[in-house]
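Peer 1: My structure is in run-v8.tsv, and what it holds is TSV, C-alpha atoms:
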```tsv
chain	number	residue	atom	x	y	z
A	1	MET	CA	-27.29	-37.59	34.92
A	2	SER	CA	-26.31	-34.95	37.41
A	3	THR	CA	-29.81	-33.61	38.04
A	4	VAL	CA	-31.24	-34.72	41.35
A	5	LYS	CA	-34.99	-34.92	41.36
A	6	LYS	CA	-37.43	-35.66	44.11
A	7	PHE	CA	-39.24	-38.94	43.52
A	8	MET	CA	-42.18	-40.10	45.60
A	9	TYR	CA	-43.42	-43.65	45.23
A	10	VAL	CA	-47.07	-43.62	46.23
A	11	ASN	CA	-48.38	-47.00	47.39
A	12	ARG	CA	-52.14	-47.41	47.61
A	13	HIS	CA	-52.57	-51.14	47.07
A	14	ALA	CA	-52.48	-54.02	49.52
A	15	PRO	CA	-49.89	-56.75	48.86
A	16	TYR	CA	-50.72	-60.18	47.30
A	17	GLY	CA	-54.17	-59.29	45.93
A	18	SER	CA	-52.42	-57.56	43.03
A	19	ILE	CA	-48.83	-57.24	41.87
A	20	TYR	CA	-48.57	-53.45	42.22
A	21	ALA	CA	-46.84	-53.50	45.63
A	22	LEU	CA	-44.24	-56.09	44.60
A	23	GLU	CA	-43.39	-54.53	41.24
A	24	GLY	CA	-43.50	-51.08	42.82
A	25	LEU	CA	-40.84	-52.19	45.27
A	26	GLU	CA	-38.70	-53.35	42.34
A	27	VAL	CA	-38.86	-49.84	40.90
A	28	VAL	CA	-37.85	-48.31	44.23
A	29	LEU	CA	-34.82	-50.60	44.53
A	30	ILE	CA	-33.64	-49.86	40.97
A	31	GLY	CA	-34.38	-46.17	41.44
A	32	ALA	CA	-32.17	-46.10	44.53
A	33	ALA	CA	-29.15	-46.70	42.30
A	34	PHE	CA	-29.80	-43.43	40.48
A	35	ASP	CA	-28.94	-41.21	43.45
A	36	GLN	CA	-32.18	-39.31	43.33
A	37	ASP	CA	-33.94	-37.90	46.37
A	38	CYS	CA	-36.60	-40.53	46.96
A	39	CYS	CA	-39.26	-41.37	49.50
A	40	MET	CA	-42.26	-43.68	49.73
A	41	ALA	CA	-45.80	-42.89	50.78
A	42	PHE	CA	-48.29	-45.47	52.03
A	43	ILE	CA	-51.89	-44.36	51.67
A	44	ASP	CA	-55.22	-46.21	51.76
A	45	ASP	CA	-54.70	-50.00	51.43
A	46	GLY	CA	-51.00	-49.35	50.82
A	47	VAL	CA	-50.50	-49.36	54.60
A	48	PHE	CA	-51.24	-53.11	54.59
A	49	GLN	CA	-47.91	-53.65	52.80
A	50	LEU	CA	-46.03	-52.86	56.00
A	51	VAL	CA	-48.01	-55.05	58.40
A	52	LYS	CA	-45.77	-57.48	60.27
A	53	GLY	CA	-46.22	-61.22	60.42
A	54	GLN	CA	-46.90	-61.76	56.71
A	55	ASP	CA	-46.71	-65.46	55.82
A	56	SER	CA	-47.67	-66.21	52.24
A	57	SER	CA	-46.37	-69.79	52.21
A	58	ALA	CA	-49.78	-71.48	52.23
A	59	SER	CA	-50.98	-69.22	49.41
A	60	GLY	CA	-48.09	-70.31	47.23
A	61	MET	CA	-47.14	-66.70	46.62
A	62	LYS	CA	-43.80	-65.06	47.18
A	63	ASN	CA	-43.49	-63.32	50.55
A	64	PHE	CA	-41.75	-60.11	49.60
A	65	SER	CA	-42.24	-58.32	52.92
A	66	PRO	CA	-38.59	-58.92	53.99
A	67	THR	CA	-37.57	-56.67	51.09
A	68	TYR	CA	-38.93	-53.64	52.98
A	69	ARG	CA	-36.24	-54.29	55.61
A	70	ALA	CA	-33.57	-53.91	52.93
A	71	LEU	CA	-34.75	-50.45	51.90
A	72	GLY	CA	-32.53	-48.78	54.50
A	73	ASP	CA	-29.45	-50.37	52.92
A	74	TYR	CA	-30.50	-48.86	49.61
A	75	GLU	CA	-30.71	-45.46	51.27
A	76	VAL	CA	-34.48	-45.35	51.02
A	77	THR	CA	-34.93	-43.92	54.47
A	78	ARG	CA	-38.23	-42.05	54.42
A	79	LEU	CA	-41.41	-44.11	54.45
A	80	TYR	CA	-44.38	-41.88	55.10
A	81	VAL	CA	-47.35	-43.84	56.43
A	82	GLU	CA	-50.64	-42.00	56.57
A	83	LYS	CA	-52.13	-41.84	60.05
A	84	GLU	CA	-55.75	-41.68	58.90
A	85	SER	CA	-55.31	-44.67	56.57
A	86	LEU	CA	-54.00	-46.73	59.48
A	87	MET	CA	-56.84	-45.66	61.76
A	88	GLU	CA	-59.53	-46.35	59.15
A	89	ARG	CA	-58.21	-49.90	58.93
A	90	GLY	CA	-58.01	-50.54	62.66
A	91	LEU	CA	-54.22	-50.46	62.62
A	92	THR	CA	-51.66	-48.71	64.79
A	93	LYS	CA	-47.93	-48.20	64.38
A	94	SER	CA	-47.32	-51.30	66.51
A	95	ASP	CA	-48.93	-53.46	63.81
A	96	LEU	CA	-46.22	-52.44	61.34
A	97	MET	CA	-42.76	-53.93	60.77
A	98	GLU	CA	-39.93	-52.12	62.48
A	99	LEU	CA	-37.92	-50.68	59.63
A	100	THR	CA	-34.68	-48.83	60.25
A	101	TYR	CA	-31.73	-47.26	58.47
A	102	GLU	CA	-28.26	-46.23	59.58
A	103	ASP	CA	-27.82	-42.46	59.46
A	104	GLU	CA	-24.42	-41.72	57.92
A	105	ASP	CA	-24.66	-38.09	59.06
A	106	ASP	CA	-25.13	-39.17	62.68
A	107	ASP	CA	-22.34	-41.71	63.27
A	108	TRP	CA	-24.41	-44.48	61.63
A	109	ALA	CA	-27.01	-44.36	64.37
A	110	GLU	CA	-29.94	-46.69	63.75
A	111	LYS	CA	-33.12	-44.71	63.12
A	112	PRO	CA	-36.70	-45.60	62.23
A	113	SER	CA	-37.59	-45.30	58.52
A	114	ILE	CA	-41.33	-45.18	59.08
A	115	GLN	CA	-42.81	-41.79	59.80
A	116	ILE	CA	-46.50	-41.57	60.63
A	117	VAL	CA	-47.85	-38.42	58.99
A	118	GLU	CA	-51.25	-36.85	58.82
A	119	ARG	CA	-53.20	-36.65	55.57
A	120	SER	CA	-52.81	-32.88	55.32
A	121	GLU	CA	-49.04	-33.19	55.74
A	122	LEU	CA	-48.87	-35.85	53.03
A	123	GLY	CA	-50.71	-33.53	50.67
A	124	ARG	CA	-48.05	-30.90	51.31
A	125	LEU	CA	-45.21	-33.41	50.84
A	126	MET	CA	-46.63	-34.35	47.44
A	127	GLU	CA	-46.39	-30.74	46.35
A	128	GLU	CA	-42.63	-30.84	47.06
A	129	GLN	CA	-41.99	-33.67	44.60
A	130	ASP	CA	-40.83	-33.63	40.99
A	131	VAL	CA	-42.00	-37.12	40.03
A	132	LEU	CA	-44.82	-39.14	41.59
A	133	LEU	CA	-45.12	-42.80	40.64
A	134	ASN	CA	-48.14	-44.81	41.75
A	135	PHE	CA	-48.26	-48.48	42.64
B	1	MET	CA	-41.70	-29.41	26.97
B	2	ILE	CA	-40.42	-32.96	27.37
B	3	PHE	CA	-42.92	-35.63	28.39
B	4	SER	CA	-42.54	-39.30	29.20
B	5	ILE	CA	-45.43	-41.70	29.48
B	6	MET	CA	-45.80	-44.74	31.71
B	7	VAL	CA	-48.43	-47.32	30.79
B	8	SER	CA	-49.26	-49.62	33.71
B	9	GLU	CA	-52.03	-51.75	32.23
B	10	GLY	CA	-52.42	-54.01	29.23
B	11	PRO	CA	-54.60	-53.30	26.20
B	12	TYR	CA	-58.39	-53.75	26.08
B	13	THR	CA	-59.12	-54.75	29.73
B	14	HIS	CA	-58.53	-51.20	30.95
B	15	GLN	CA	-58.72	-47.88	29.14
B	16	ALA	CA	-55.22	-46.91	30.33
B	17	SER	CA	-53.43	-47.74	27.07
B	18	ASP	CA	-56.05	-45.87	25.01
B	19	SER	CA	-55.77	-42.82	27.26
B	20	ALA	CA	-51.98	-42.92	27.12
B	21	TYR	CA	-52.10	-43.15	23.32
B	22	GLN	CA	-54.51	-40.23	22.96
B	23	PHE	CA	-52.44	-38.13	25.36
B	24	THR	CA	-49.21	-38.94	23.52
B	25	LYS	CA	-50.78	-37.99	20.19
B	26	ALA	CA	-52.14	-34.72	21.60
B	27	ALA	CA	-48.76	-33.87	23.15
B	28	LEU	CA	-47.03	-34.48	19.81
B	29	ASP	CA	-49.68	-32.41	18.00
B	30	ALA	CA	-49.01	-29.55	20.42
B	31	GLY	CA	-45.31	-29.67	19.53
B	32	HIS	CA	-44.05	-31.33	22.71
B	33	GLU	CA	-41.30	-33.90	22.78
B	34	ILE	CA	-41.88	-37.46	23.99
B	35	PHE	CA	-38.68	-38.75	25.57
B	36	ARG	CA	-39.93	-42.27	26.22
B	37	ILE	CA	-43.00	-44.45	26.66
B	38	PHE	CA	-42.44	-47.07	29.34
B	39	PHE	CA	-44.64	-50.14	29.70
B	40	TYR	CA	-44.84	-51.72	33.15
B	41	HIS	CA	-46.97	-54.23	35.09
B	42	ASP	CA	-49.53	-55.72	32.65
B	43	GLY	CA	-48.69	-52.76	30.41
B	44	VAL	CA	-46.01	-54.96	28.83
B	45	ASN	CA	-48.86	-56.79	27.06
B	46	ASN	CA	-49.18	-53.75	24.79
B	47	GLY	CA	-45.97	-54.96	23.19
B	48	THR	CA	-46.95	-58.35	21.73
B	49	ARG	CA	-47.45	-58.61	17.99
B	50	MET	CA	-49.66	-61.68	18.50
B	51	THR	CA	-52.61	-59.44	19.28
B	52	THR	CA	-55.44	-59.95	16.77
B	53	PRO	CA	-58.54	-57.99	17.73
B	54	PRO	CA	-61.78	-58.21	15.70
B	55	GLN	CA	-61.74	-56.27	12.41
B	56	ASP	CA	-64.19	-53.64	13.65
B	57	ASP	CA	-62.13	-52.73	16.71
B	58	ARG	CA	-58.95	-50.72	17.07
B	59	ASN	CA	-55.63	-52.57	17.07
B	60	ILE	CA	-53.98	-51.05	20.12
B	61	VAL	CA	-50.60	-52.69	19.52
B	62	ASP	CA	-50.40	-51.72	15.84
B	63	ARG	CA	-51.50	-48.21	16.74
B	64	TRP	CA	-48.55	-47.82	19.13
B	65	SER	CA	-46.15	-49.30	16.55
B	66	GLU	CA	-47.37	-46.89	13.87
B	67	LEU	CA	-47.17	-43.87	16.17
B	68	ALA	CA	-43.64	-44.86	17.18
B	69	LYS	CA	-42.61	-45.18	13.53
B	70	ALA	CA	-44.14	-41.84	12.55
B	71	HIS	CA	-42.53	-39.92	15.40
B	72	ASP	CA	-39.44	-42.01	16.13
B	73	LEU	CA	-40.66	-42.77	19.67
B	74	ASP	CA	-38.68	-44.79	22.18
B	75	MET	CA	-41.08	-47.47	23.48
B	76	VAL	CA	-39.63	-49.60	26.26
B	77	VAL	CA	-41.11	-52.75	27.75
B	78	CYS	CA	-39.77	-53.54	31.24
B	79	VAL	CA	-37.71	-56.73	31.09
B	80	ALA	CA	-38.65	-58.09	34.53
B	81	ALA	CA	-42.36	-57.45	34.02
B	82	ALA	CA	-42.12	-58.85	30.47
B	83	GLN	CA	-40.43	-62.06	31.59
B	84	ARG	CA	-43.23	-62.71	34.08
B	85	ARG	CA	-45.86	-62.23	31.40
B	86	GLY	CA	-44.19	-63.91	28.44
B	87	ILE	CA	-43.23	-60.96	26.30
B	88	VAL	CA	-39.91	-61.78	24.62
B	89	ASP	CA	-37.70	-60.48	21.86
B	90	VAL	CA	-35.22	-62.62	19.89
B	91	ASP	CA	-32.42	-62.21	22.43
B	92	GLU	CA	-34.63	-62.92	25.42
B	93	ALA	CA	-36.11	-65.98	23.71
B	94	LYS	CA	-32.62	-67.32	23.03
B	95	ARG	CA	-31.42	-66.59	26.57
B	96	HIS	CA	-34.34	-68.40	28.18
B	97	GLY	CA	-34.63	-71.24	25.66
B	98	LYS	CA	-38.04	-70.20	24.32
B	99	ASP	CA	-39.23	-71.37	20.91
B	100	GLY	CA	-40.24	-67.99	19.62
B	101	ASP	CA	-40.42	-64.28	20.26
B	102	ASN	CA	-43.45	-62.01	20.18
B	103	ILE	CA	-42.30	-58.42	20.60
B	104	ALA	CA	-44.10	-56.00	18.32
B	105	GLU	CA	-42.43	-53.54	15.97
B	106	GLY	CA	-41.19	-50.37	17.58
B	107	PHE	CA	-40.95	-51.83	21.09
B	108	ARG	CA	-37.71	-52.76	22.82
B	109	ILE	CA	-37.10	-54.65	26.06
B	110	SER	CA	-34.96	-52.99	28.71
B	111	GLY	CA	-34.60	-52.49	32.44
B	112	LEU	CA	-36.44	-50.44	35.04
B	113	GLY	CA	-33.61	-47.93	35.00
B	114	GLN	CA	-35.18	-46.64	31.78
B	115	LEU	CA	-38.25	-45.58	33.77
B	116	ILE	CA	-36.19	-43.73	36.37
B	117	GLU	CA	-34.17	-42.09	33.61
B	118	ALA	CA	-37.42	-40.98	31.97
B	119	GLY	CA	-38.42	-39.38	35.27
B	120	VAL	CA	-35.09	-37.60	35.55
B	121	LYS	CA	-34.82	-36.41	31.95
B	122	SER	CA	-38.44	-35.39	31.30
B	123	ASP	CA	-40.28	-32.33	32.52
B	124	ARG	CA	-43.34	-34.47	33.23
B	125	LEU	CA	-43.81	-38.20	33.65
B	126	MET	CA	-47.45	-39.10	33.02
B	127	GLN	CA	-48.78	-42.37	34.40
B	128	PHE	CA	-51.74	-44.19	32.91
B	129	GLY	CA	-52.89	-47.29	34.75
B	130	ASP	CA	-55.68	-48.75	36.77
C	1	MET	CA	-50.26	-29.49	40.83
C	2	LEU	CA	-52.40	-31.56	38.48
C	3	HIS	CA	-54.25	-34.54	39.90
C	4	THR	CA	-55.88	-37.06	37.59
C	5	VAL	CA	-58.52	-39.56	38.71
C	6	ASN	CA	-59.66	-42.43	36.49
C	7	LYS	CA	-62.00	-44.34	38.82
C	8	SER	CA	-65.69	-44.01	39.47
C	9	PRO	CA	-66.17	-42.79	43.05
C	10	PHE	CA	-69.07	-45.24	43.33
C	11	ASP	CA	-66.60	-48.11	42.90
C	12	LYS	CA	-63.22	-47.00	44.29
C	13	ASN	CA	-62.02	-44.36	46.73
C	14	SER	CA	-59.49	-42.71	44.37
C	15	LEU	CA	-61.52	-39.50	44.00
C	16	LYS	CA	-62.14	-39.18	47.75
C	17	THR	CA	-58.44	-39.75	48.41
C	18	CYS	CA	-57.55	-37.20	45.74
C	19	LEU	CA	-59.90	-34.60	47.20
C	20	SER	CA	-58.53	-35.14	50.70
C	21	HIS	CA	-54.89	-34.76	49.58
C	22	SER	CA	-55.11	-32.00	46.97
C	23	LEU	CA	-54.28	-28.51	48.17
C	24	LYS	CA	-55.92	-25.18	47.38
C	25	ASP	CA	-55.49	-24.04	43.73
C	26	SER	CA	-54.89	-27.59	42.47
C	27	ASP	CA	-56.24	-28.72	39.13
C	28	ILE	CA	-58.17	-31.99	39.22
C	29	LEU	CA	-58.90	-33.76	35.95
C	30	LEU	CA	-61.38	-36.64	35.86
C	31	ILE	CA	-60.73	-39.12	33.05
C	32	GLU	CA	-62.04	-42.56	32.06
C	33	ASP	CA	-64.55	-43.77	34.72
C	34	GLY	CA	-63.43	-40.85	36.87
C	35	VAL	CA	-65.84	-38.63	34.94
C	36	TYR	CA	-68.78	-40.27	36.74
C	37	GLY	CA	-67.61	-38.33	39.80
C	38	ALA	CA	-68.71	-35.02	38.26
C	39	ILE	CA	-72.39	-35.89	37.79
C	40	LYS	CA	-74.71	-33.54	39.66
C	41	ASP	CA	-77.25	-34.62	42.28
C	42	SER	CA	-75.19	-37.71	43.07
C	43	ALA	CA	-73.80	-39.01	46.37
C	44	MET	CA	-70.52	-37.39	45.31
C	45	SER	CA	-71.69	-34.00	44.04
C	46	GLY	CA	-71.53	-32.34	47.47
C	47	ASP	CA	-67.83	-33.19	47.74
C	48	ILE	CA	-67.24	-31.88	44.21
C	49	GLU	CA	-69.07	-28.62	44.94
C	50	LYS	CA	-67.02	-28.16	48.09
C	51	ALA	CA	-63.76	-28.81	46.23
C	52	LEU	CA	-64.76	-26.33	43.51
C	53	THR	CA	-64.62	-23.49	46.03
C	54	ASP	CA	-60.80	-23.56	46.06
C	55	ARG	CA	-59.78	-25.98	43.29
C	56	LYS	CA	-60.54	-26.37	39.61
C	57	ILE	CA	-62.18	-29.56	38.40
C	58	TYR	CA	-62.17	-30.73	34.78
C	59	VAL	CA	-63.60	-33.68	32.91
C	60	LEU	CA	-62.21	-35.12	29.71
C	61	GLU	CA	-64.62	-34.48	26.85
C	62	SER	CA	-64.12	-37.76	24.99
C	63	ASP	CA	-64.74	-39.74	28.18
C	64	ILE	CA	-68.03	-38.03	29.06
C	65	LYS	CA	-69.21	-38.39	25.46
C	66	ALA	CA	-68.34	-42.08	25.37
C	67	ARG	CA	-70.39	-42.60	28.52
C	68	GLY	CA	-73.43	-40.66	27.37
C	69	ILE	CA	-72.99	-37.89	29.91
C	70	ASP	CA	-74.33	-34.58	28.58
C	71	SER	CA	-72.57	-31.45	29.85
C	72	SER	CA	-75.89	-30.37	31.44
C	73	ARG	CA	-75.59	-33.35	33.79
C	74	LEU	CA	-72.33	-32.10	35.33
C	75	VAL	CA	-71.97	-30.27	38.62
C	76	GLN	CA	-71.97	-26.54	37.83
C	77	GLY	CA	-68.45	-25.16	37.63
C	78	VAL	CA	-66.86	-28.34	36.29
C	79	ALA	CA	-64.98	-27.50	33.10
C	80	ILE	CA	-64.69	-29.69	30.00
C	81	VAL	CA	-61.34	-30.18	28.26
C	82	ASP	CA	-60.21	-32.24	25.28
C	83	TYR	CA	-56.89	-34.09	25.08
C	84	GLY	CA	-55.17	-30.88	23.98
C	85	GLY	CA	-56.46	-29.30	27.19
C	86	PHE	CA	-55.21	-32.31	29.18
C	87	VAL	CA	-51.74	-31.76	27.72
C	88	GLU	CA	-51.92	-28.04	28.57
C	89	LEU	CA	-52.91	-28.84	32.17
C	90	ALA	CA	-49.99	-31.26	32.46
C	91	ALA	CA	-47.60	-28.67	31.06
C	92	SER	CA	-48.86	-25.71	33.10
C	93	ASN	CA	-48.69	-27.55	36.44
C	94	ASP	CA	-45.29	-28.32	37.97
C	95	ARG	CA	-46.12	-31.91	38.79
C	96	VAL	CA	-48.73	-34.56	38.14
C	97	GLN	CA	-50.23	-37.18	40.44
C	98	SER	CA	-52.33	-40.00	38.96
C	99	TRP	CA	-54.79	-41.36	41.49
C	100	LEU	CA	-55.27	-44.83	40.01
```
Would you kindly transcribe this structure into structure tokens?

Peer 2:
Amino acid sequence: MSTVKKFMYVNRHAPYGSIYALEGLEVVLIGAAFDQDCCMAFIDDGVFQLVKGQDSSASGMKNFSPTYRALGDYEVTRLYVEKESLMERGLTKSDLMELTYEDEDDDWAEKPSIQIVERSELGRLMEEQDVLLNF
Amino acid sequence: MIFSIMVSEGPYTHQASDSAYQFTKAALDAGHEIFRIFFYHDGVNNGTRMTTPPQDDRNIVDRWSELAKAHDLDMVVCVAAAQRRGIVDVDEAKRHGKDGDNIAEGFRISGLGQLIEAGVKSDRLMQFGD
Amino acid sequence: MLHTVNKSPFDKNSLKTCLSHSLKDSDILLIEDGVYGAIKDSAMSGDIEKALTDRKIYVLESDIKARGIDSSRLVQGVAIVDYGGFVELAASNDRVQSWL
């Protein structure tokens, strides 16, 4: 499979209330092994996936939020978080986990994976993709 | 044109599986190729042969099996999602010490890589879910 | 680009999110409960009329029929397609986004 396609994983669901976020993350991690050009978008309730301080122990559910920290190691380095979705939910960037990756083209400098983008920009980014998968 | 289909919900509760089926049939009728149909999340529940709906309703599982047979379709149930929800074939049942299998005819269990491959090898990957 | 929406806008925000992300010249196809979004004189019809000025909006025939929606009840300018038309829309656009 030599073709490189642009994949965008669109996340619009909050974690825990449904399994979409967790199983979506599993797709992203497997997809990373295929050397495609991939990014993630967090829109609507999807932004809640990245909120820091998640502790699911008392709910008896698996806390999968640490997995987002591993994305950089899988070369998933672009996480587009929609500015308006954050604002509508009373959140700011400081409420989100600090996610980073090491940039191999820049002497492995540590860089932030999360990019806050406006809704209009996200619409344009979607038009650049080949495959859009929704979770 | 080459299409692949992703079904993200189980049968009956949501319309997703019905819509995916109708789309697949229409694409085949129009002369397109279906590279793969991938069942994920609760969509894996489309692949159990234990389904027995009332006589006057459609049998969603049988309908998929028959379409796959008629057009030699590759229908893949995600292994990780299937394990969570108790969809097993003979090998999986043996591996996990289960007393029976329930995979329906025409479906096979495989990994998530099959979904990514469908995205890479198809012109369009259509997602039906909820 | 083809956008599909399968949720009623009176229940979920999928259609609003679709409308706010789709660019000029996009095709938007309402399927399943998404077809309720195309009913005229509703709380949503103003948004649909506005979108129709630079985008095309379609509803899936079998889904409006199943729900008892006559074509006369749709916002003017909304087109009706069958599954064959759905396949054509998917083929003629370079990419597809399903707003679930």

Peer 1: Tell me the residues of chain B close to chain C, meaning within 8 Å using only C-alpha atoms, as a PDB file with C-alpha atoms, keeping the file's coordinate frame.

Peer 2:
```
ATOM      1  CA  MET B   1     -41.700 -29.410  26.970  1.00  0.00           C
ATOM      2  CA  GLN B  15     -58.720 -47.880  29.140  1.00  0.00           C
ATOM      3  CA  SER B  19     -55.770 -42.820  27.260  1.00  0.00           C
ATOM      4  CA  GLN B  22     -54.510 -40.230  22.960  1.00  0.00           C
ATOM      5  CA  PHE B  23     -52.440 -38.130  25.360  1.00  0.00           C
ATOM      6  CA  ALA B  26     -52.140 -34.720  21.600  1.00  0.00           C
ATOM      7  CA  ALA B  27     -48.760 -33.870  23.150  1.00  0.00           C
ATOM      8  CA  ALA B  30     -49.010 -29.550  20.420  1.00  0.00           C
ATOM      9  CA  ARG B 124     -43.340 -34.470  33.230  1.00  0.00           C
ATOM     10  CA  LEU B 125     -43.810 -38.200  33.650  1.00  0.00           C
ATOM     11  CA  MET B 126     -47.450 -39.100  33.020  1.00  0.00           C
ATOM     12  CA  GLN B 127     -48.780 -42.370  34.400  1.00  0.00           C
ATOM     13  CA  PHE B 128     -51.740 -44.190  32.910  1.00  0.00           C
ATOM     14  CA  GLY B 129     -52.890 -47.290  34.750  1.00  0.00           C
ATOM     15  CA  ASP B 130     -55.680 -48.750  36.770  1.00  0.00           C
TER      16      ASP B 130
END
```

Peer 1: Using all atoms listed in the file, which residues sit within 10 Å of Thr92 of chain A once same-chain residues fewer than 4 positions away are excluded, as JSON, numbers by chain?

Peer 2: {"A": [51, 83, 85, 86, 87, 88, 96, 116]}

Peer 1: Go through chain B residue by residue and, counting all atoms listed in the file, keep those with an atom at most 12 Å from chain A; for each kept residue give the shortest atom pair and its distance in Å to one decimal, ordered by chain and increasing number, as a Markdown table.

Peer 2:
```
| residue | atom | partner | partner_atom | distance |
| --- | --- | --- | --- | --- |
| B:Phe3 | CA | A:Val131 | CA | 11.8 |
| B:Ser4 | CA | A:Val131 | CA | 11.1 |
| B:Ile5 | CA | A:Leu133 | CA | 11.2 |
| B:Met6 | CA | A:Leu133 | CA | 9.2 |
| B:Val7 | CA | A:Asn134 | CA | 11.2 |
| B:Ser8 | CA | A:Phe135 | CA | 9.1 |
| B:Glu9 | CA | A:Tyr20 | CA | 10.7 |
| B:Tyr40 | CA | A:Glu23 | CA | 8.7 |
| B:His41 | CA | A:Glu23 | CA | 7.1 |
| B:Asp42 | CA | A:Ile19 | CA | 9.4 |
| B:Gly43 | CA | A:Tyr20 | CA | 11.8 |
| B:Cys78 | CA | A:Val27 | CA | 10.4 |
| B:Val79 | CA | A:Glu26 | CA | 11.8 |
| B:Ala80 | CA | A:Glu23 | CA | 9.0 |
| B:Ala81 | CA | A:Glu23 | CA | 7.9 |
| B:Ala82 | CA | A:Glu23 | CA | 11.7 |
| B:Arg84 | CA | A:Glu23 | CA | 10.9 |
| B:Arg85 | CA | A:Ile19 | CA | 12.0 |
| B:Gly111 | CA | A:Ile30 | CA | 9.0 |
| B:Leu112 | CA | A:Val27 | CA | 6.4 |
| B:Gly113 | CA | A:Ile30 | CA | 6.3 |
| B:Gln114 | CA | A:Gly31 | CA | 9.7 |
| B:Leu115 | CA | A:Val27 | CA | 8.3 |
| B:Ile116 | CA | A:Gly31 | CA | 5.9 |
| B:Glu117 | CA | A:Phe34 | CA | 8.3 |
| B:Ala118 | CA | A:Val131 | CA | 10.0 |
| B:Gly119 | CA | A:Val131 | CA | 6.4 |
| B:Val120 | CA | A:Lys5 | CA | 6.4 |
| B:Lys121 | CA | A:Met1 | CA | 8.2 |
| B:Ser122 | CA | A:Val131 | CA | 9.6 |
| B:Asp123 | CA | A:Asp130 | CA | 8.6 |
| B:Arg124 | CA | A:Val131 | CA | 7.4 |
| B:Leu125 | CA | A:Val131 | CA | 6.7 |
| B:Met126 | CA | A:Leu133 | CA | 8.8 |
| B:Gln127 | CA | A:Leu133 | CA | 7.2 |
| B:Phe128 | CA | A:Asn134 | CA | 9.6 |
| B:Gly129 | CA | A:Asn134 | CA | 8.8 |
| B:Asp130 | CA | A:Phe135 | CA | 9.5 |
```

Peer 1: Using all atoms listed in the file, can you list as a ChimeraX atom specification the residues within 10 Å of (-44.7, -48.3, 63.1)?

Peer 2: /A:50-52,81,91-99,112-116

Peer 1: Nearest to chain C among A:Glu110, A:Glu104, A:Asp55, A:Asp45, with distances taken over all atoms listed in the file: which residue is it?

Peer 2: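 Once distances to chain C are computed over all atoms listed in the file, the minimum belongs to A:Asp45.
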
Peer 1: Calculated over all atoms listed in the file, which of the candidates A:Gly60, A:Gly90, A:Gly123, A:Gly53 has the smallest distance to chain C?

Peer 2: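 Counting all atoms listed in the file, the residue closest to chain C is A:Gly123.
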
Peer 1: For segment 90-99 of chain A, I'd like the enclosing box, axis-aligned and padded by 8 Å on every side, reported as JSON with centre and edge lengths in Å to one decimal.

Peer 2:
```
{"center_x": -48.0, "center_y": -51.1, "center_z": 63.1, "size_x": 36.1, "size_y": 21.7, "size_z": 22.9}
```

Peer 1: Quick check, in Å to one decimal: how far apart do atom CA of Leu23 of chain C and atom CA of Asp47 of chain C lie?

Peer 2: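 The value is 14.3 Å.
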
Peer 1: List the neighbours of Leu19 of chain C out to 9 Å using all atoms listed in the file; skip same-chain residues closer than 5 positions along the sequence, and give me the result as a list in words.

Peer 2: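 Listed by chain and then number, they are Ser14, Ile28, Asp47, Ile48 and Ala51 of chain C.
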
Peer 1: So which residues touch segment 67-70 of chain B within 10 Å, counting only C-alpha atoms, skipping near sequence neighbours fewer than 4 positions away, as a PyMOL selection string?

Peer 2: chain B and resi 21+24-25+37+62-63+74-75+105-107

Peer 1: Keeping C-alpha atoms for every residue in the selection just given, could you write it to a file as a tab-separated table (two decimals), keeping the file's coordinate frame?

Peer 2:
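Written file, selection.tsv:
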```
chain	number	residue	atom	x	y	z
B	21	TYR	CA	-52.10	-43.15	23.32
B	24	THR	CA	-49.21	-38.94	23.52
B	25	LYS	CA	-50.78	-37.99	20.19
B	37	ILE	CA	-43.00	-44.45	26.66
B	62	ASP	CA	-50.40	-51.72	15.84
B	63	ARG	CA	-51.50	-48.21	16.74
B	74	ASP	CA	-38.68	-44.79	22.18
B	75	MET	CA	-41.08	-47.47	23.48
B	105	GLU	CA	-42.43	-53.54	15.97
B	106	GLY	CA	-41.19	-50.37	17.58
B	107	PHE	CA	-40.95	-51.83	21.09
```

Peer 1: One decimal, Å: what's the distance from atom CA of Ala66 of chain C over to atom CA of Gly47 of chain B, could you say?

Peer 2: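 Computing it gives 25.9 Å between the two atoms.
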
Peer 1: I'd like the neighbourhood of Ser42 of chain C as a PyMOL selection string, where a residue qualifies if any of its atoms comes within 10 Å (using only C-alpha atoms), though same-chain residues fewer than 6 positions away should be ignored.

Peer 2: chain C and resi 10+36+48+74-75

Peer 1: Take the selection from the previous step and output its residues with C-alpha atoms, as an mmCIF file, keeping the file's coordinate frame.

Peer 2:
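Everything below was put into selection-v4.cif:
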```cif
data_model
loop_
_atom_site.group_PDB
_atom_site.id
_atom_site.type_symbol
_atom_site.label_atom_id
_atom_site.label_comp_id
_atom_site.auth_asym_id
_atom_site.auth_seq_id
_atom_site.Cartn_x
_atom_site.Cartn_y
_atom_site.Cartn_z
ATOM 1 C CA PHE C 10 -69.070 -45.240 43.330
ATOM 2 C CA TYR C 36 -68.780 -40.270 36.740
ATOM 3 C CA ILE C 48 -67.240 -31.880 44.210
ATOM 4 C CA LEU C 74 -72.330 -32.100 35.330
ATOM 5 C CA VAL C 75 -71.970 -30.270 38.620
#
```

Peer 1: What separation in Å, quoted to one decimal, exists between atom CA of Thr100 of chain A and atom CA of Ala14 of chain A?

Peer 2: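 Going from atom CA of Thr100 of chain A over to atom CA of Ala14 of chain A, I get 21.4 Å.
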
Peer 1: Please determine, counting all atoms listed in the file, which residue among A:Ala109, A:Ala58, A:Ala70, A:Met126 has the shortest atom-to-atom distance to chain C.

Peer 2: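 Of all the options, A:Met126 lies closest to chain C.
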